file coords17.cif (mmCIF, C-alpha atoms and all ligand atoms)
data_data
#
loop_
_atom_site.group_PDB
_atom_site.id
_atom_site.type_symbol
_atom_site.label_atom_id
_atom_site.label_comp_id
_atom_site.auth_asym_id
_atom_site.auth_seq_id
_atom_site.Cartn_x
_atom_site.Cartn_y
_atom_site.Cartn_z
ATOM 1 C CA MET W 1 10.699 9.594 5.916
ATOM 2 C CA THR W 2 7.567 7.498 5.889
ATOM 3 C CA ILE W 3 7.679 3.742 6.233
ATOM 4 C CA TYR W 4 4.422 2.462 4.766
ATOM 5 C CA ASP W 5 2.121 0.300 6.897
ATOM 6 C CA HIS W 6 1.775 -2.850 4.817
ATOM 7 C CA VAL W 7 4.801 -5.076 5.348
ATOM 8 C CA LEU W 8 5.283 -8.350 3.484
ATOM 9 C CA THR W 9 6.347 -11.284 5.660
ATOM 10 C CA GLU W 10 6.828 -14.983 4.945
ATOM 11 C CA GLY W 11 3.249 -15.471 6.175
ATOM 12 C CA GLY W 12 1.672 -12.682 4.107
ATOM 13 C CA PHE W 13 1.049 -8.957 4.621
ATOM 14 C CA VAL W 14 0.926 -7.525 8.151
ATOM 15 C CA ASP W 15 0.767 -4.041 9.641
ATOM 16 C CA GLN W 16 4.237 -2.759 10.532
ATOM 17 C CA ASN W 17 3.167 -2.355 14.192
ATOM 18 C CA ASP W 18 2.322 -6.052 14.414
ATOM 19 C CA LEU W 19 5.774 -7.224 13.341
ATOM 20 C CA ARG W 20 7.468 -8.879 16.331
ATOM 21 C CA TYR W 21 10.523 -11.119 16.560
ATOM 22 C CA PRO W 22 11.853 -13.128 19.508
ATOM 23 C CA PHE W 23 15.283 -12.342 21.007
ATOM 24 C CA GLU W 24 16.664 -15.477 19.470
ATOM 25 C CA GLU W 25 16.431 -14.514 15.844
ATOM 26 C CA ARG W 26 19.374 -15.501 13.648
ATOM 27 C CA GLY W 27 19.457 -12.251 11.714
ATOM 28 C CA LEU W 28 19.715 -10.337 15.002
ATOM 29 C CA GLN W 29 22.180 -12.685 16.692
ATOM 30 C CA PHE W 30 24.436 -13.811 13.842
ATOM 31 C CA GLY W 31 23.643 -11.505 10.924
ATOM 32 C CA ASP W 32 22.594 -14.866 9.462
ATOM 33 C CA GLY W 33 20.634 -13.542 6.520
ATOM 34 C CA ILE W 34 20.609 -11.713 3.228
ATOM 35 C CA TYR W 35 18.921 -8.596 1.852
ATOM 36 C CA GLU W 36 18.162 -6.413 -1.136
ATOM 37 C CA VAL W 37 17.478 -2.702 -1.578
ATOM 38 C CA ILE W 38 15.279 -2.070 -4.619
ATOM 39 C CA ARG W 39 14.769 1.393 -6.117
ATOM 40 C CA VAL W 40 11.280 2.634 -6.869
ATOM 41 C CA TYR W 41 10.552 5.606 -9.146
ATOM 42 C CA ASN W 42 7.024 6.984 -9.563
ATOM 43 C CA GLY W 43 5.664 3.913 -7.818
ATOM 44 C CA THR W 44 7.408 1.458 -10.176
ATOM 45 C CA SER W 45 10.320 -0.750 -9.191
ATOM 46 C CA TYR W 46 13.571 -0.439 -11.170
ATOM 47 C CA LEU W 47 15.754 -3.513 -11.986
ATOM 48 C CA ILE W 48 13.448 -5.792 -9.982
ATOM 49 C CA GLN W 49 14.441 -8.854 -11.978
ATOM 50 C CA GLU W 50 18.164 -8.282 -11.329
ATOM 51 C CA HIS W 51 17.521 -7.815 -7.601
ATOM 52 C CA VAL W 52 15.349 -10.924 -7.306
ATOM 53 C CA GLU W 53 17.910 -12.993 -9.218
ATOM 54 C CA ARG W 54 20.679 -11.792 -6.899
ATOM 55 C CA LEU W 55 18.543 -12.480 -3.825
ATOM 56 C CA TYR W 56 18.174 -16.109 -4.883
ATOM 57 C CA ARG W 57 21.897 -16.362 -5.653
ATOM 58 C CA SER W 58 22.736 -14.989 -2.172
ATOM 59 C CA ALA W 59 20.209 -17.349 -0.571
ATOM 60 C CA ALA W 60 21.640 -20.384 -2.372
ATOM 61 C CA ALA W 61 25.198 -19.407 -1.404
ATOM 62 C CA VAL W 62 24.317 -19.392 2.310
ATOM 63 C CA LYS W 63 21.770 -22.242 2.132
ATOM 64 C CA ILE W 64 18.709 -20.232 3.135
ATOM 65 C CA ASN W 65 15.376 -21.333 1.688
ATOM 66 C CA VAL W 66 13.470 -18.403 0.244
ATOM 67 C CA PRO W 67 9.818 -18.857 1.283
ATOM 68 C CA PHE W 68 8.456 -17.845 -2.159
ATOM 69 C CA SER W 69 9.190 -18.868 -5.715
ATOM 70 C CA LYS W 70 10.914 -16.245 -7.869
ATOM 71 C CA GLU W 71 7.735 -15.675 -9.819
ATOM 72 C CA ASP W 72 5.794 -15.171 -6.606
ATOM 73 C CA MET W 73 8.429 -12.783 -5.324
ATOM 74 C CA TYR W 74 7.942 -10.410 -8.284
ATOM 75 C CA HIS W 75 4.201 -10.400 -7.708
ATOM 76 C CA LYS W 76 4.598 -9.842 -3.971
ATOM 77 C CA MET W 77 6.877 -6.845 -4.613
ATOM 78 C CA GLU W 78 4.271 -5.381 -6.976
ATOM 79 C CA GLU W 79 1.574 -6.067 -4.411
ATOM 80 C CA LEU W 80 3.654 -4.388 -1.703
ATOM 81 C CA LEU W 81 3.845 -1.191 -3.757
ATOM 82 C CA HIS W 82 0.197 -1.389 -4.729
ATOM 83 C CA LYS W 83 -1.169 -2.087 -1.225
ATOM 84 C CA ASN W 84 0.761 0.876 0.137
ATOM 85 C CA GLY W 85 -0.469 3.153 -2.657
ATOM 86 C CA ILE W 86 3.068 4.124 -3.660
ATOM 87 C CA ASP W 87 3.231 6.582 -6.543
ATOM 88 C CA GLY W 88 6.445 8.457 -5.770
ATOM 89 C CA ASP W 89 10.161 7.748 -5.306
ATOM 90 C CA ALA W 90 10.911 5.138 -2.668
ATOM 91 C CA LYS W 91 12.905 2.024 -1.881
ATOM 92 C CA ILE W 92 11.931 -1.505 -0.938
ATOM 93 C CA TYR W 93 14.038 -3.109 1.787
ATOM 94 C CA LEU W 94 13.764 -6.905 1.672
ATOM 95 C CA GLN W 95 15.509 -9.219 4.109
ATOM 96 C CA ILE W 96 15.465 -12.947 4.722
ATOM 97 C CA THR W 97 17.094 -14.612 7.717
ATOM 98 C CA ARG W 98 17.585 -18.255 8.612
ATOM 99 C CA GLY W 99 14.767 -17.854 11.144
ATOM 100 C CA SER W 100 14.050 -17.805 14.868
ATOM 101 C CA ALA W 101 15.632 -20.584 16.965
ATOM 102 C CA PRO W 102 17.569 -21.098 20.221
ATOM 103 C CA ARG W 103 21.021 -19.584 19.776
ATOM 104 C CA ASP W 104 23.426 -22.114 18.278
ATOM 105 C CA HIS W 105 25.940 -21.565 15.490
ATOM 106 C CA VAL W 106 24.793 -24.763 13.776
ATOM 107 C CA PHE W 107 21.791 -24.383 11.446
ATOM 108 C CA PRO W 108 18.544 -25.057 13.345
ATOM 109 C CA LEU W 109 16.431 -28.024 12.224
ATOM 110 C CA ASN W 110 12.867 -27.525 11.024
ATOM 111 C CA THR W 111 13.069 -23.747 11.198
ATOM 112 C CA ASN W 112 11.544 -21.571 8.516
ATOM 113 C CA ALA W 113 13.181 -18.450 7.181
ATOM 114 C CA ASN W 114 11.909 -15.066 8.378
ATOM 115 C CA LEU W 115 11.204 -12.591 5.613
ATOM 116 C CA TYR W 116 10.159 -8.987 5.711
ATOM 117 C CA ALA W 117 9.898 -6.357 3.019
ATOM 118 C CA TYR W 118 8.780 -2.776 3.525
ATOM 119 C CA VAL W 119 8.613 0.420 1.503
ATOM 120 C CA LYS W 120 10.066 3.730 2.548
ATOM 121 C CA ASP W 121 10.038 7.123 0.778
ATOM 122 C CA LEU W 122 13.351 8.001 -0.829
ATOM 123 C CA PRO W 123 13.831 11.141 -2.893
ATOM 124 C CA ARG W 124 16.678 11.244 -5.413
ATOM 125 C CA PRO W 125 19.906 12.736 -3.978
ATOM 126 C CA GLU W 126 19.594 15.632 -6.438
ATOM 127 C CA ALA W 127 22.229 18.091 -5.207
ATOM 128 C CA PHE W 128 24.838 15.324 -4.910
ATOM 129 C CA LEU W 129 24.008 13.977 -8.365
ATOM 130 C CA ARG W 130 24.450 17.431 -9.867
ATOM 131 C CA GLU W 131 27.478 18.602 -7.944
ATOM 132 C CA GLY W 132 29.304 15.389 -7.023
ATOM 133 C CA VAL W 133 30.462 14.039 -3.669
ATOM 134 C CA SER W 134 33.643 13.506 -1.642
ATOM 135 C CA ALA W 135 34.997 10.151 -0.511
ATOM 136 C CA VAL W 136 37.711 8.765 1.737
ATOM 137 C CA THR W 137 39.772 5.630 1.211
ATOM 138 C CA GLN W 138 39.617 2.815 3.754
ATOM 139 C CA GLU W 139 41.240 -0.615 3.988
ATOM 140 C CA ASP W 140 38.777 -3.311 2.858
ATOM 141 C CA VAL W 141 38.716 -5.658 5.857
ATOM 142 C CA ARG W 142 35.673 -7.658 4.744
ATOM 143 C CA TRP W 143 35.522 -11.390 4.037
ATOM 144 C CA ASP W 144 36.140 -12.987 0.603
ATOM 145 C CA TRP W 145 32.488 -13.535 -0.316
ATOM 146 C CA CYS W 146 31.185 -10.011 -0.776
ATOM 147 C CA TYR W 147 29.178 -11.122 -3.841
ATOM 148 C CA ILE W 148 26.673 -12.432 -1.274
ATOM 149 C CA LYS W 149 24.469 -9.561 -0.117
ATOM 150 C CA SER W 150 24.678 -10.645 3.507
ATOM 151 C CA LEU W 151 23.426 -8.866 6.627
ATOM 152 C CA ASN W 152 26.960 -8.906 8.071
ATOM 153 C CA LEU W 153 27.682 -5.251 7.398
ATOM 154 C CA LEU W 154 29.855 -4.230 10.355
ATOM 155 C CA PRO W 155 32.968 -3.466 8.225
ATOM 156 C CA ASN W 156 30.776 -1.496 5.806
ATOM 157 C CA VAL W 157 29.166 0.399 8.703
ATOM 158 C CA LEU W 158 32.583 1.268 10.181
ATOM 159 C CA ALA W 159 33.902 2.419 6.800
ATOM 160 C CA LYS W 160 30.835 4.576 6.127
ATOM 161 C CA GLN W 161 31.110 6.101 9.604
ATOM 162 C CA ALA W 162 34.768 6.975 8.938
ATOM 163 C CA ALA W 163 33.601 8.746 5.770
ATOM 164 C CA LYS W 164 30.878 10.580 7.665
ATOM 165 C CA GLU W 165 33.327 11.738 10.325
ATOM 166 C CA GLN W 166 35.345 13.393 7.554
ATOM 167 C CA ASN W 167 32.203 14.969 6.069
ATOM 168 C CA CYS W 168 32.336 12.582 3.122
ATOM 169 C CA TYR W 169 29.587 10.702 1.332
ATOM 170 C CA GLU W 170 31.276 7.365 0.816
ATOM 171 C CA ALA W 171 34.291 5.210 1.735
ATOM 172 C CA ILE W 172 36.290 3.718 -1.141
ATOM 173 C CA LEU W 173 37.569 0.304 -0.018
ATOM 174 C CA HIS W 174 40.915 -1.132 -1.049
ATOM 175 C CA LYS W 175 42.921 -4.276 -0.293
ATOM 176 C CA GLN W 176 46.597 -3.266 0.000
ATOM 177 C CA GLY W 177 45.992 -0.384 -2.387
ATOM 178 C CA GLU W 178 43.809 -2.279 -4.898
ATOM 179 C CA VAL W 179 40.342 -0.694 -5.038
ATOM 180 C CA THR W 180 37.458 -3.170 -4.696
ATOM 181 C CA GLU W 181 34.236 -1.169 -4.229
ATOM 182 C CA CYS W 182 32.698 1.241 -1.678
ATOM 183 C CA SER W 183 30.931 0.645 1.632
ATOM 184 C CA SER W 184 27.546 0.534 -0.119
ATOM 185 C CA SER W 185 28.241 1.120 -3.816
ATOM 186 C CA ASN W 186 30.471 0.107 -6.740
ATOM 187 C CA ILE W 187 33.261 2.401 -7.914
ATOM 188 C CA TYR W 188 34.660 3.346 -11.320
ATOM 189 C CA LEU W 189 37.527 5.397 -12.690
ATOM 190 C CA VAL W 190 37.533 7.115 -16.087
ATOM 191 C CA LYS W 191 40.842 7.522 -17.932
ATOM 192 C CA ASP W 192 41.205 8.628 -21.560
ATOM 193 C CA GLY W 193 37.521 7.958 -22.214
ATOM 194 C CA SER W 194 37.502 4.371 -20.850
ATOM 195 C CA VAL W 195 35.734 3.212 -17.687
ATOM 196 C CA TYR W 196 37.696 0.953 -15.314
ATOM 197 C CA THR W 197 36.193 -1.045 -12.458
ATOM 198 C CA HIS W 198 37.024 -4.107 -10.356
ATOM 199 C CA PRO W 199 36.010 -7.370 -12.102
ATOM 200 C CA ALA W 200 32.786 -8.977 -10.852
ATOM 201 C CA LYS W 201 34.641 -11.577 -8.770
ATOM 202 C CA LYS W 202 33.593 -12.981 -5.415
ATOM 203 C CA ASN W 203 35.148 -10.145 -3.420
ATOM 204 C CA ILE W 204 32.721 -7.431 -4.578
ATOM 205 C CA LEU W 205 28.964 -7.137 -4.801
ATOM 206 C CA HIS W 206 27.780 -7.524 -8.384
ATOM 207 C CA GLY W 207 25.700 -4.363 -8.387
ATOM 208 C CA CYS W 208 22.470 -4.240 -10.340
ATOM 209 C CA VAL W 209 23.282 -0.669 -11.370
ATOM 210 C CA ARG W 210 26.827 -1.803 -12.248
ATOM 211 C CA MET W 211 25.296 -4.213 -14.774
ATOM 212 C CA ARG W 212 23.393 -1.317 -16.315
ATOM 213 C CA VAL W 213 26.498 0.915 -16.318
ATOM 214 C CA GLU W 214 28.249 -1.770 -18.357
ATOM 215 C CA ALA W 215 25.336 -1.794 -20.833
ATOM 216 C CA PHE W 216 25.225 2.036 -21.008
ATOM 217 C CA CYS W 217 28.950 2.105 -21.804
ATOM 218 C CA SER W 218 28.502 -0.421 -24.575
ATOM 219 C CA GLU W 219 25.561 1.571 -26.017
ATOM 220 C CA GLU W 220 27.647 4.756 -25.955
ATOM 221 C CA GLY W 221 30.789 3.143 -27.402
ATOM 222 C CA VAL W 222 32.699 3.697 -24.149
ATOM 223 C CA SER W 223 35.131 0.883 -23.240
ATOM 224 C CA PHE W 224 34.138 -0.814 -19.971
ATOM 225 C CA ILE W 225 37.291 -2.431 -18.673
ATOM 226 C CA GLU W 226 36.972 -4.883 -15.785
ATOM 227 C CA GLN W 227 40.412 -4.352 -14.366
ATOM 228 C CA ALA W 228 41.119 -3.394 -10.777
ATOM 229 C CA PHE W 229 42.819 -0.033 -10.260
ATOM 230 C CA GLN W 230 44.959 1.249 -7.401
ATOM 231 C CA VAL W 231 44.206 4.054 -4.982
ATOM 232 C CA GLU W 232 47.075 6.027 -6.522
ATOM 233 C CA ASP W 233 45.446 5.764 -9.987
ATOM 234 C CA ILE W 234 42.683 7.978 -8.600
ATOM 235 C CA TRP W 235 45.092 10.937 -8.541
ATOM 236 C CA ASN W 236 45.635 10.640 -12.305
ATOM 237 C CA ALA W 237 42.025 9.824 -13.195
ATOM 238 C CA ASP W 238 39.953 12.086 -15.418
ATOM 239 C CA GLU W 239 36.778 11.180 -13.521
ATOM 240 C CA VAL W 240 35.597 8.914 -10.721
ATOM 241 C CA PHE W 241 32.016 7.878 -10.082
ATOM 242 C CA LEU W 242 30.150 5.338 -7.990
ATOM 243 C CA SER W 243 26.855 3.506 -8.475
ATOM 244 C CA SER W 244 24.110 1.930 -6.431
ATOM 245 C CA SER W 245 20.350 1.661 -6.286
ATOM 246 C CA THR W 246 20.134 4.615 -3.915
ATOM 247 C CA SER W 247 23.038 6.711 -5.284
ATOM 248 C CA GLU W 248 22.343 6.064 -9.014
ATOM 249 C CA VAL W 249 25.423 7.155 -11.011
ATOM 250 C CA MET W 250 27.146 9.549 -8.625
ATOM 251 C CA PRO W 251 30.140 11.753 -9.523
ATOM 252 C CA VAL W 252 33.038 11.665 -7.023
ATOM 253 C CA ILE W 253 34.943 14.967 -7.207
ATOM 254 C CA GLN W 254 37.219 14.692 -4.183
ATOM 255 C CA VAL W 255 39.016 11.740 -2.535
ATOM 256 C CA ASP W 256 40.985 12.009 0.727
ATOM 257 C CA GLY W 257 40.745 15.795 0.476
ATOM 258 C CA LYS W 258 42.327 15.865 -3.009
ATOM 259 C CA GLN W 259 40.540 16.981 -6.166
ATOM 260 C CA VAL W 260 39.669 14.320 -8.762
ATOM 261 C CA GLY W 261 40.195 15.393 -12.399
ATOM 262 C CA ASN W 262 38.922 18.946 -12.821
ATOM 263 C CA GLY W 263 37.048 18.789 -9.527
ATOM 264 C CA VAL W 264 33.652 18.803 -11.247
ATOM 265 C CA PRO W 265 31.496 15.952 -12.660
ATOM 266 C CA GLY W 266 33.038 14.804 -15.960
ATOM 267 C CA THR W 267 31.492 14.207 -19.367
ATOM 268 C CA VAL W 268 31.519 10.387 -19.242
ATOM 269 C CA THR W 269 29.843 10.469 -15.827
ATOM 270 C CA ARG W 270 27.228 12.937 -17.092
ATOM 271 C CA THR W 271 26.523 10.748 -20.129
ATOM 272 C CA LEU W 272 25.992 7.719 -17.870
ATOM 273 C CA GLN W 273 23.786 9.728 -15.515
ATOM 274 C CA LYS W 274 21.555 10.681 -18.429
ATOM 275 C CA LYS W 275 21.469 7.065 -19.637
ATOM 276 C CA TYR W 276 20.432 6.025 -16.141
ATOM 277 C CA GLU W 277 17.538 8.497 -16.149
ATOM 278 C CA GLU W 278 16.353 7.170 -19.519
ATOM 279 C CA ASP W 279 16.694 3.561 -18.382
ATOM 280 C CA ALA W 280 14.783 4.184 -15.158
ATOM 281 C CA LYS W 281 12.144 5.926 -17.305
ATOM 282 C CA LEU W 282 12.442 9.145 -15.384
ATOM 283 C CA SER W 283 10.376 11.664 -17.320
ATOM 284 C CA ALA W 284 11.989 14.742 -18.853
ATOM 285 C CA ASP W 285 10.335 16.740 -16.031
ATOM 286 C CA ALA W 286 12.129 14.643 -13.444
ATOM 287 C CA SER W 287 15.514 14.896 -15.193
ATOM 288 C CA LEU W 288 18.282 16.632 -13.301
ATOM 289 C CA PHE W 289 20.285 17.008 -16.496
ATOM 290 C CA SER W 290 17.885 17.813 -19.351
ATOM 291 C CA SER W 291 18.454 21.553 -18.907
ATOM 292 C CA GLU W 292 22.185 20.911 -19.331
ATOM 293 C CA VAL W 293 21.450 18.989 -22.523
ATOM 294 C CA ALA W 294 19.315 21.857 -23.771
ATOM 295 C CA ALA W 295 22.061 24.313 -22.861
ATOM 296 C CA GLU W 296 24.748 22.349 -24.716
HETATM 297 N N1 LIG W 301 23.956 -1.162 -1.422
HETATM 298 N N2 LIG W 301 28.405 -2.691 -3.214
HETATM 299 C C1 LIG W 301 27.916 -2.760 -1.965
HETATM 300 C C2 LIG W 301 28.819 -3.183 -0.856
HETATM 301 C C3 LIG W 301 26.565 -2.442 -1.731
HETATM 302 O O1 LIG W 301 26.057 -2.541 -0.486
HETATM 303 C C4 LIG W 301 25.745 -2.023 -2.815
HETATM 304 C C5 LIG W 301 24.293 -1.698 -2.628
HETATM 305 C C6 LIG W 301 26.310 -1.952 -4.098
HETATM 306 C C7 LIG W 301 25.502 -1.556 -5.300
HETATM 307 O O2 LIG W 301 24.550 -2.538 -5.629
HETATM 308 P P1 LIG W 301 23.223 -2.171 -6.437
HETATM 309 O O3 LIG W 301 23.671 -1.467 -7.682
HETATM 310 O O4 LIG W 301 22.611 -3.475 -6.726
HETATM 311 O O5 LIG W 301 22.382 -1.294 -5.565
HETATM 312 C C8 LIG W 301 27.641 -2.307 -4.262
HETATM 313 C C9 LIG W 301 22.579 -0.927 -1.071
HETATM 314 C C10 LIG W 301 21.963 0.187 -1.851
HETATM 315 C C11 LIG W 301 22.481 -0.775 0.431
HETATM 316 O O6 LIG W 301 23.046 -1.597 1.121
HETATM 317 O O7 LIG W 301 21.814 0.149 0.891
#
call {"tool": "encode", "arguments": {"input": "coords17.cif", "output": "structure tokens"}}
result
Amino acid sequence: MTIYDHVLTEGGFVDQNDLRYPFEERGLQFGDGIYEVIRVYNGTSYLIQEHVERLYRSAAAVKINVPFSKEDMYHKMEELLHKNGIDGDAKIYLQITRGSAPRDHVFPLNTNANLYAYVKDLPRPEAFLREGVSAVTQEDVRWDWCYIKSLNLLPNVLAKQAAKEQNCYEAILHKQGEVTECSSSNIYLVKDGSVYTHPAKKNILHGCVRMRVEAFCSEEGVSFIEQAFQVEDIWNADEVFLSSSTSEVMPVIQVDGKQVGNGVPGTVTRTLQKKYEEDAKLSADASLFSSEVAAE
């Protein structure tokens, strides 16, 4: 998958081959930084405002100075897509660390943040979106401040690897049986036509797509109930789905080897998937579900 040449840094645009960091870089040594993954469809970013807002919230929470104003950041993201001539489906990866300085846990003095943002091709996960995915459950061993999109992703990496080793797409995380979110997505359960998900407290990431899912539910008259559910509730659920900028609204049809609901993507999930496509302004040609609508 192509990574495009023009990379945005705190000092302006550089060629990806010219990007060099010293050994003593706080993102590398401490995971002392924050990031965002922004979806791009047909060369246009989706939910950019929500991502930029969250980036600044994460930065404030860990006392990192973002090198650009918010307004500037939007323009730079547009410029990044434009300079690289992006017209297809892609993602922007944007990270900011506390900077390069001799290794010391204490914040360095007079050190500027390091920023880089690049664009990489990313097709939609079409087969998974149509057919649904499997997941495993894993104990959530992360810290209490998961609302910060921090670079410290080791527990998430380990959970996702456990899923992969069982041929699954995602790991559903729980604290003593109470489901929080997934290793890189938010999770929802559908029961009797209502959508349940963990409240947007400090111990989960407040997903940009999650915010849209809440709005889609309200537009469709579906109750969106911010109430944590238990792993065992999954076995009585009608549907389960997850959401993220890369996974969109993704049906989950099997968990820990057991079928969820009827074992196929459910009607509430399908409705939200179609809402997502409309919201992201995916044309009818690009829709994975319009033929189903026509067939109904
Ligand atoms: N992950 N929860 C976690 C732990 C995540 O890492 C993500 C995003 C989400 C969904 O957030 P959003 O809807 O804003 O994408 C929830 C990104 C895609 C990643 O790390 O690759």
call {"tool": "closest_residue", "arguments": {"input": "coords17.cif", "among": "W:Ala90, W:Cys208, W:Leu80, W:Val7", "to": "ligand LIG 301 (chain W)", "atoms": "all atoms listed in the file"}}
result
W:Cys208
call {"tool": "residues_near_ligand", "arguments": {"input": "coords17.cif", "ligand": "ligand LIG 301 (chain W)", "cutoff": "9 Å", "atoms": "all atoms listed in the file", "output": "PDB file with C-alpha atoms, in the coordinates of the input"}}
result
ATOM      1  CA  TYR W  35      18.921  -8.596   1.852  1.00  0.00           C
ATOM      2  CA  GLU W  36      18.162  -6.413  -1.136  1.00  0.00           C
ATOM      3  CA  VAL W  37      17.478  -2.702  -1.578  1.00  0.00           C
ATOM      4  CA  ILE W  38      15.279  -2.070  -4.619  1.00  0.00           C
ATOM      5  CA  ARG W  39      14.769   1.393  -6.117  1.00  0.00           C
ATOM      6  CA  LEU W  47      15.754  -3.513 -11.986  1.00  0.00           C
ATOM      7  CA  GLU W  50      18.164  -8.282 -11.329  1.00  0.00           C
ATOM      8  CA  HIS W  51      17.521  -7.815  -7.601  1.00  0.00           C
ATOM      9  CA  ARG W  54      20.679 -11.792  -6.899  1.00  0.00           C
ATOM     10  CA  TYR W  93      14.038  -3.109   1.787  1.00  0.00           C
ATOM     11  CA  CYS W 146      31.185 -10.011  -0.776  1.00  0.00           C
ATOM     12  CA  TYR W 147      29.178 -11.122  -3.841  1.00  0.00           C
ATOM     13  CA  LYS W 149      24.469  -9.561  -0.117  1.00  0.00           C
ATOM     14  CA  LEU W 153      27.682  -5.251   7.398  1.00  0.00           C
ATOM     15  CA  ASN W 156      30.776  -1.496   5.806  1.00  0.00           C
ATOM     16  CA  GLU W 181      34.236  -1.169  -4.229  1.00  0.00           C
ATOM     17  CA  CYS W 182      32.698   1.241  -1.678  1.00  0.00           C
ATOM     18  CA  SER W 183      30.931   0.645   1.632  1.00  0.00           C
ATOM     19  CA  SER W 184      27.546   0.534  -0.119  1.00  0.00           C
ATOM     20  CA  SER W 185      28.241   1.120  -3.816  1.00  0.00           C
ATOM     21  CA  ASN W 186      30.471   0.107  -6.740  1.00  0.00           C
ATOM     22  CA  ILE W 187      33.261   2.401  -7.914  1.00  0.00           C
ATOM     23  CA  ILE W 204      32.721  -7.431  -4.578  1.00  0.00           C
ATOM     24  CA  LEU W 205      28.964  -7.137  -4.801  1.00  0.00           C
ATOM     25  CA  HIS W 206      27.780  -7.524  -8.384  1.00  0.00           C
ATOM     26  CA  GLY W 207      25.700  -4.363  -8.387  1.00  0.00           C
ATOM     27  CA  CYS W 208      22.470  -4.240 -10.340  1.00  0.00           C
ATOM     28  CA  VAL W 209      23.282  -0.669 -11.370  1.00  0.00           C
ATOM     29  CA  ARG W 210      26.827  -1.803 -12.248  1.00  0.00           C
ATOM     30  CA  MET W 211      25.296  -4.213 -14.774  1.00  0.00           C
ATOM     31  CA  ARG W 212      23.393  -1.317 -16.315  1.00  0.00           C
ATOM     32  CA  LEU W 242      30.150   5.338  -7.990  1.00  0.00           C
ATOM     33  CA  SER W 243      26.855   3.506  -8.475  1.00  0.00           C
ATOM     34  CA  SER W 244      24.110   1.930  -6.431  1.00  0.00           C
ATOM     35  CA  SER W 245      20.350   1.661  -6.286  1.00  0.00           C
ATOM     36  CA  THR W 246      20.134   4.615  -3.915  1.00  0.00           C
ATOM     37  CA  SER W 247      23.038   6.711  -5.284  1.00  0.00           C
ATOM     38  CA  GLU W 248      22.343   6.064  -9.014  1.00  0.00           C
TER      39      GLU W 248
END
call {"tool": "resolve_selection", "arguments": {"input": "coords17.cif", "expression": "the PyMOL selection byres (((chain W and resi 84) around 9) and not hetatm)", "output": "list in words"}}
result
Tyr4, Asp5, His6, Val7, Glu79, Leu80, Leu81, His82, Lys83, Gly85, Ile86 and Val119 of chain W
call {"tool": "resolve_selection", "arguments": {"input": "coords17.cif", "expression": "the PyMOL selection byres (((chain W and resi 116) around 6) and not hetatm)", "output": "ChimeraX atom specification"}}
result
/W:8-9,94-95,115,117
call {"tool": "resolve_selection", "arguments": {"input": "coords17.cif", "expression": "the PyMOL selection byres (((chain W and resi 32) around 10) and not hetatm)", "output": "list in words"}}
result
Glu25, Arg26, Gly27, Leu28, Gln29, Phe30, Gly31, Gly33, Ile34, Val62, Ile64, Ile96, Thr97, Arg98, Gly99, His105, Phe107, Ser150, Leu151 and Asn152 of chain W
call {"tool": "closest_atom_pairs", "arguments": {"input": "coords17.cif", "of": "stretch 175-209 of chain W", "to": "stretch 136-144 of chain W", "cutoff": "7 Å", "atoms": "only C-alpha atoms", "output": "Markdown table"}}
result
| residue | atom | partner | partner_atom | distance |
| --- | --- | --- | --- | --- |
| W:Lys175 | CA | W:Asp140 | CA | 5.3 |
| W:Lys202 | CA | W:Asp144 | CA | 6.5 |
| W:Asn203 | CA | W:Asp144 | CA | 5.0 |
call {"tool": "write_last_selection", "arguments": {"input": "coords17.cif", "atoms": "C-alpha atoms", "output": "PDB file, keeping the file's coordinate frame"}}
result
ATOM      1  CA  LYS W 175      42.921  -4.276  -0.293  1.00  0.00           C
ATOM      2  CA  LYS W 202      33.593 -12.981  -5.415  1.00  0.00           C
ATOM      3  CA  ASN W 203      35.148 -10.145  -3.420  1.00  0.00           C
TER       4      ASN W 203
END
call {"tool": "closest_residue", "arguments": {"input": "coords17.cif", "among": "W:Ala284, W:Ile3, W:Leu158, W:Ile148", "to": "W:Tyr56", "atoms": "only C-alpha atoms"}}
result
W:Ile148
call {"tool": "atom_distance", "arguments": {"input": "coords17.cif", "atom1": "atom CA of W:Leu122", "atom2": "atom CA of W:Asp18"}}
result
23.5 Å
call {"tool": "closest_residue", "arguments": {"input": "coords17.cif", "among": "W:Glu232, W:Asp285, W:Glu71, W:Glu278", "to": "W:Gln176", "atoms": "all atoms listed in the file"}}
result
W:Glu232
call {"tool": "atom_distance", "arguments": {"input": "coords17.cif", "atom1": "atom CA of W:Asn236", "atom2": "atom CA of W:His174"}}
result
17.0 Å
call {"tool": "atom_distance", "arguments": {"input": "coords17.cif", "atom1": "atom CA of W:Glu170", "atom2": "atom CA of W:Val249"}}
result
13.2 Å
call {"tool": "closest_residue", "arguments": {"input": "coords17.cif", "among": "W:Phe23, W:Trp145, W:Phe229, W:Tyr118", "to": "W:Lys201", "atoms": "only C-alpha atoms"}}
result
W:Trp145
call {"tool": "closest_residue", "arguments": {"input": "coords17.cif", "among": "W:Phe128, W:Tyr41, W:Trp235, W:Tyr74", "to": "W:Ala286", "atoms": "all atoms listed in the file"}}
result
W:Tyr41
call {"tool": "axis_aligned_box", "arguments": {"input": "coords17.cif", "around": "stretch 33-41 of chain W", "padding_each_side": "8 Å", "output": "lines of an AutoDock Vina configuration file"}}
result
center_x = 15.6
center_y = -4.0
center_z = -1.3
size_x = 26.1
size_y = 35.1
size_z = 31.7
call {"tool": "closest_residue", "arguments": {"input": "coords17.cif", "among": "W:Glu10, W:Asp256, W:Glu226, W:Glu131", "to": "W:Thr269", "atoms": "all atoms listed in the file"}}
result
W:Glu131
call {"tool": "residues_around", "arguments": {"input": "coords17.cif", "residues": "W:Pro251", "least_positions_apart": "3", "cutoff": "7 Å", "atoms": "all atoms listed in the file", "output": "NGL selection string"}}
result
:W and (129 or 132-133 or 240-242 or 265 or 269)
